[in-house]
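One structure is given below, encoded as structure tokens.
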Amino acid sequence: MLHDVCRVRHQIGRLTKTNRCPRFYVLKNMTSMTAVITEALNILIKPVLESSSSSVPSTAHDALLRKLQHNLSVSQEKFQTDPMYREVSSLRQQVKAGSEWSEETKDVAWNFVTEILVLLTCLKQCMAALLGSFSPAEPNLKTPEAAPALPPDVLSIAQQKVVQSALQFVVTLGICPYLLPGVGIPLKRRSEFGAMLESVSGGTLPYGIRRLFISCTVLLGVAEHASLGSMVLTRHLGDILAGLCQLGHCPNRSKAGQPTITDNTKILSVEECTGCKKALQSLLGKVYQPIIIRELLILQGGPKQVKASAGSGSRQPLAQAPPWLRRLCGQLLSERLMQPNGVQAVVRGILEGAGAGAAGGQDAEAAAADWRKCDSIARILASCPQQSLSLVDYYRRVCPQVLDLLHIRDRLTARQFQRVATTTVLTLVQEQPELAEKYLLAPLLSPLTRCLGTGDHKLSPGSITVEESDLSQCIEDIYKVCVVGNNPGPALLNSLGNVIQVIFCLFCFTKQNVSHLRSACQEILLWFLLQADPPQAVTALKHISGLSVQTEGISPDHHFSPGSEGGAVFTVREPTCDADDALYEKVSSEQWAVECFVDLLSNLKENRLSGDFFIHLLKGLTGMAVEGEQEGEEPQPLTSMSFLELEQHRIQQATRQEERLLTLQLLAAMCEKLSHTLLHNPVQVIEFICAMLKRACVSLDQGVEGTVEAQTLSMGMGLVATMLVGAAKLQSEDYAAMKELLPLLDQISQRHPEQLIQELASDLHISIATHGAFTTETVAKAARNTAGKEELIPERPSENTASKTTEKTKRRNSDKTPKKNPNVPGTAVTSQMDTAHCKNTGPVSHPVAQSSSRGGPHADPAEAGRLLSECLLEAVDPEVPTRAAALRTLTRMVQNRNAEVLHNQDKLLTLFLENLEHSDSFVYLSAIQGLAVLSDVFPEQILLRLLKEFEESPKEMKKPHSLETRLKTGEALMRATRALGDLAPRFGTPLIHAFLRGTRDSDSTVRASSLSNLGELCQRLHFALGAVVHELSSCLTALIKTDSEAEVRRAAVHVIALLLRGLNDNATQVLSDVLRDLYRVLKHVVQHDRDDVTVLHAQLVLKELDDVMWRYIFPAQKLEKKIVVIP
């Protein structure tokens, strides 16, 4: 072929020198030769209309042969007589002289094929010569947007159609008829015309191998030119591959199964077979690999033919390929798979063959929805081919490519590939867990693994250990594999459990910031906790909560920082010089981690995992109490320890103490936020009671008899009694779980100092042992007392003697117990047991405990007056619990509109104001709440008094208030403002003036408090702000620009935020005169303020202002139906 091209170029040069014509004339001459060749091809393939005088052919076969012969004759006549065909005829004769396969035979169809092959070879030589002689002009820099010059070897659309038709004739007459059965797709399966063409070449079997070789070889030579090669390989690649496979790899058998003849002109030599093999490998390496894989799968054929049913569709399956071809295609597919990017090529070849092109679209969505096809691809990728050296080598090559499928960014293509990748990962993990963990899961979790135990002190502070892109990609991959795939296995759960603490720390970080990783981290954590076994899930909860330190965790020298793209980076922490700041940062981070942990558990409402972990914490608390007792009994002498042992001993003590504090913190947080969703079934309640009773038994062993221990024991035994008398339907397995309570109740009945508790424990023991068949009156009344009302628990008939109970009641009533001493051990338990045996089962403690039932608006005046007097006395009691309880009781009486209390509003106001100065938060917070409730009932009188207390400066008073008291008064005003609601505009003017005067106070804390109250008030005034909007804007602008304290500037910006939130879409009406000033001052903060928090607040307010203006300029379009009644 190269020799022919050089010969044509030499001919062009000779014409240039002989005729002394310009070069463009020669190019024009060659272009005209290209047009003549395509015209000659058009003559060959042009259909012929037979005249009516011609004899009618007997068959379509004869008619087709007559048409082919006619076209050949017309073409020969053109080459001999037409002057335009003279140069092409010369080139045609040169090509025929240089090839041995162009000899004419008696077979019309083969003569037709050879004539087309000769013309295609001539066309290829002319186009190559044109391209070699083409020198494009230099691009014009003045018009860089102009299109480059078109190469001269480009065919027009009409010429391309002619060439494609000619190629189709070559394939159908020169390749397909000589393929063995099962090799490629037969012509009769393609169209009816193809079936007729297949019959044209019948009877040429002895020459089939040679003709197949000629057709494939010449087409490959023609395909060496780029323009012609695209037309050859895009439509006829499968047929050429089938021919090369048969020529190079088929055993030496003929089409009918007989040995081939020995004529050397009809069979292939060893060199020719080797050349076909090399051509096949070269073709496989040059063409787009997904197309190669698709064609090889088609060549591999279908399964064994199954007899079609009568109702089956018209679509027929692929024929079964010969065994040698199936083995060859399997080997070639395996080679493609083991190459770099082979996995992606296999997936693209199968999915794109299903209609999912590279551009995606609806076909891509349909292919992604075909989960059977995705599962089939996953099974193919998970099975090791025979050509692989070993299973380890296969996993080492394939696993990284499978992970790359998860990182495709194109949205539509990613849907298909990620489905395949997810299924493949899960299949690999299930079949070979050890290899998958090494070559698949370890690289997948590598960014999170690098966050564990990073103790490299060579890195400078602020250095990035894990990049943002790596962390984001890792979390996304885990989400796709675990949450989307949703096929948990032991290997996957174990590997994910090793990094679950890092994911939780990242989740805590994302909840503090705006990050796109928050939902993914939460979904991964919830999926792991729901899919893991209960013991493994509880262990994981201990690990992420910080109770378990057995595995390596995140180094305290590292932490997560915000990334530039909404993700996170893992960096080296900046050192903190101040020990107090470091301690505060540690405590606040631990508190935040506990809050995030409880929020995570709140999403498991329908699962019993939260209750199991809660019970586990209670059991651990009991174990800690036992350890503490043992440490107290056997203290190790410190003088006998070395310095190293002493240091280790101190570290162990500190670790145990931290674990106890964390356990208590977790229990408190779970009880506060998950109290109604912790325990889901009776078994969990029984385990909870068992933990409580064990704790009580430990207290008995230690000799501790405090109020907390007594209340714990009373609650546990009351819950048991409640369950036994019918509050819950108990099954046989529930009674089996209650057997664990029997030894504990037996121990309490023998060792507790209180006789009543001993008897109740003994009665509960009997009821559990008899599965509730025997229940005493003591148990029933204890259950009703625990439930709070007798109506909640049905009273069951007592089966013991009444005389015993009556005797106990008389003896107990004759005893004189202290009326009010909550610190005496056993008082709470004795009081509760007393109420269980009295006729009136309500509480019998001091009056404060009965305020909720006797302080209502319709209470007896005498009783209400006595209760008010007692509460007023207790409100000045030196004991903090008594005083706080009295204040809260008075607050509830005010809420209930008790007439006696409402007549003494001045006394209550004075009492609440005096208690504001108390140092204990339990007391002054109760007083603040009381003032807020009192202001809600008497707004005109109380609000004005509170404003006066808040406005008075310490210098103007005989007994000046402290700064803390003024701030507490401001807190009361803020709560009162919230309680006003729609009545806020009624008292808006005095409140605004008071708060504005507070913004000029000399103390920055008072200024900030006044601004905070001002924001809460402005949020509720709405259109009533119109009169003071200018004054308000001037005050805020002055404070933001001139105040030296960052807290004050933050509060002023926060007032603007609350103002916009309260007005919402009405901001453009109410603030129309000052909206521009507020916008300018916010921009001033963003550009010039030195405090980062103030700048952040200002940016958020600007975003809210932008949303308001956006809604104002572009209001939402509402589709409404309007029905008009025509009169």
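In the structure tokens, the first chain shown is A, the next is B, and so on; residue numbers restart at 1 for each chain, and ligands run from 1 in the order shown.
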I want to know what sits within 8 Å of stretch 514-530 of chain A, based on only C-alpha atoms, with residues of the same chain fewer than 4 positions away left out; could you give that as a ChimeraX atom specification?
/A:472,475-476,478-479,482-483,493,496,500,503-504,506-507,510,537,540,566-568,600,603-604,607
How would the residues just chosen look if you wrote them out with C-alpha atoms as a PDB file, in the first residue's frame?
ATOM      1  CA  SER A 472     -15.550  14.287  50.240  1.00  0.00           C
ATOM      2  CA  ILE A 475     -17.748   9.873  52.178  1.00  0.00           C
ATOM      3  CA  GLU A 476     -19.593   9.856  48.849  1.00  0.00           C
ATOM      4  CA  ILE A 478     -19.133   4.971  51.331  1.00  0.00           C
ATOM      5  CA  TYR A 479     -22.624   6.385  50.936  1.00  0.00           C
ATOM      6  CA  CYS A 482     -23.336   1.126  51.929  1.00  0.00           C
ATOM      7  CA  VAL A 483     -26.496   3.212  51.966  1.00  0.00           C
ATOM      8  CA  LEU A 493     -19.431  -3.774  58.640  1.00  0.00           C
ATOM      9  CA  LEU A 496     -16.599   0.458  58.397  1.00  0.00           C
ATOM     10  CA  ILE A 500     -16.928   4.892  62.441  1.00  0.00           C
ATOM     11  CA  ILE A 503     -17.230   9.605  60.527  1.00  0.00           C
ATOM     12  CA  PHE A 504     -18.950  10.639  63.746  1.00  0.00           C
ATOM     13  CA  LEU A 506     -16.840  14.597  60.893  1.00  0.00           C
ATOM     14  CA  PHE A 507     -20.607  14.546  61.487  1.00  0.00           C
ATOM     15  CA  THR A 510     -20.595  19.405  59.876  1.00  0.00           C
ATOM     16  CA  ALA A 537     -23.978  -1.684  67.379  1.00  0.00           C
ATOM     17  CA  ALA A 540     -19.911   1.102  68.086  1.00  0.00           C
ATOM     18  CA  GLY A 566     -18.226  23.196  51.482  1.00  0.00           C
ATOM     19  CA  GLY A 567     -16.421  20.087  52.693  1.00  0.00           C
ATOM     20  CA  ALA A 568     -13.789  19.548  55.364  1.00  0.00           C
ATOM     21  CA  LEU A 600     -28.194  10.808  66.179  1.00  0.00           C
ATOM     22  CA  ASN A 603     -33.386   9.244  64.590  1.00  0.00           C
ATOM     23  CA  LEU A 604     -33.620   5.633  65.827  1.00  0.00           C
ATOM     24  CA  ASN A 607     -35.408   0.789  66.877  1.00  0.00           C
TER      25      ASN A 607
END
Skipping near chain neighbours, those fewer than 5 positions away, what residues fall within 9 Å of A:Thr427 using only C-alpha atoms, listed as a short mmCIF file (atom, residue, chain, number, x, y, z; two decimals) with C-alpha atoms, in the first residue's frame?
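Ended up saving to selection_37.cif:
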data_model
loop_
_atom_site.label_atom_id
_atom_site.label_comp_id
_atom_site.auth_asym_id
_atom_site.auth_seq_id
_atom_site.Cartn_x
_atom_site.Cartn_y
_atom_site.Cartn_z
CA ALA A 378 -21.08 -7.32 38.55
CA ARG A 379 -20.96 -11.12 38.47
CA ALA A 382 -16.34 -10.58 40.35
CA THR A 422 -21.82 -0.69 43.92
CA GLN A 432 -13.52 -12.94 48.84
#
Per DSSP on the backbone, filter stretch 915-1067 of chain A down to the residues in helix (DSSP H, G or I) and report them as a count of residues only.
130
What's the 9 Å shell around A:Trp101, counting only C-alpha atoms, without same-chain residues fewer than 6 positions away, as a tab-separated table (two decimals) with all heavy atoms, in the first residue's frame?
chain	number	residue	atom	x	y	z
A	114	THR	N	-14.46	-8.08	-6.48
A	114	THR	CA	-13.08	-7.69	-6.79
A	114	THR	C	-13.04	-6.33	-7.48
A	114	THR	O	-12.11	-5.53	-7.25
A	114	THR	CB	-12.43	-8.74	-7.67
A	114	THR	OG1	-13.25	-8.96	-8.84
A	114	THR	CG2	-12.27	-10.06	-6.92
A	211	ARG	N	-11.01	-16.25	-0.61
A	211	ARG	CA	-11.79	-15.05	-0.86
A	211	ARG	C	-12.05	-14.27	0.43
A	211	ARG	O	-12.04	-13.03	0.43
A	211	ARG	CB	-13.11	-15.43	-1.53
A	211	ARG	CG	-12.92	-15.96	-2.94
A	211	ARG	CD	-14.24	-16.35	-3.57
A	211	ARG	NE	-14.04	-16.81	-4.94
A	211	ARG	CZ	-15.02	-17.23	-5.74
A	211	ARG	NH1	-16.27	-17.23	-5.30
A	211	ARG	NH2	-14.75	-17.64	-6.98
A	214	ILE	N	-8.87	-12.42	1.11
A	214	ILE	CA	-8.70	-11.26	0.24
A	214	ILE	C	-9.59	-10.10	0.69
A	214	ILE	O	-9.15	-8.95	0.79
A	214	ILE	CB	-9.00	-11.67	-1.21
A	214	ILE	CG1	-7.93	-12.65	-1.73
A	214	ILE	CG2	-9.05	-10.44	-2.12
A	214	ILE	CD1	-8.28	-13.27	-3.07
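Taking atom CA of A:Val923 and atom CA of A:Ala884 as the two end points, the separation is 4.9 Å.
What separates atom CA of A:Pro177 from atom CA of A:Gly98 is a distance of 26.2 Å.
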Which residue gives the smallest distance to A:Met974 among A:Ala321, A:Leu1011, A:Leu868, A:Leu187, with only C-alpha atoms counted?
A:Leu1011
For stretch 1040-1054 of chain A, work out the shell of residues within 12 Å, counting only C-alpha atoms and skipping chain neighbours fewer than 3 positions away, then give it as number ranges by chain.
A: 996, 998-1016, 1018-1019, 1032-1037, 1057-1061, 1078-1102, 1104
One residue among A:Ser191, A:Thr882, A:Gln164, A:Gln512 is nearest to A:Cys596 when using only C-alpha atoms, and that residue is A:Gln512
Taking into account only C-alpha atoms, which residue in the set A:Asn341, A:Gln653, A:Gln905, A:Ser215 is nearest to A:Trp110?
A:Ser215
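For the set A:Glu879, A:Glu1031, A:Glu777, A:Asp734, the residue with the smallest atom-to-atom gap to A:Pro682 is A:Asp734, counting only C-alpha atoms.
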With a distance cut-off of 9 Å and only C-alpha atoms, select the neighbouring residues of A:Met33, excluding the residue or stretch itself and same-chain residues fewer than 5 positions from it, and output the selection as number ranges by chain.
A: 28, 38, 84-85, 87-88, 123, 126
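Nearest to A:Tyr207 of all the residues A:Leu405, A:Val880, A:Leu72, A:Ile267 is A:Ile267, based on only C-alpha atoms.
Shortest atom-to-atom contact with A:Pro447 among A:Val569, A:Val1028, A:Leu220, A:Leu297: A:Val569, counting only C-alpha atoms.
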DSSP strand (DSSP E or B) residues within stretch 383-565 of chain A, as a count of residues only
10
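A straight line drawn from atom CA of A:Leu219 to atom CA of A:Val232 is 7.4 Å long.
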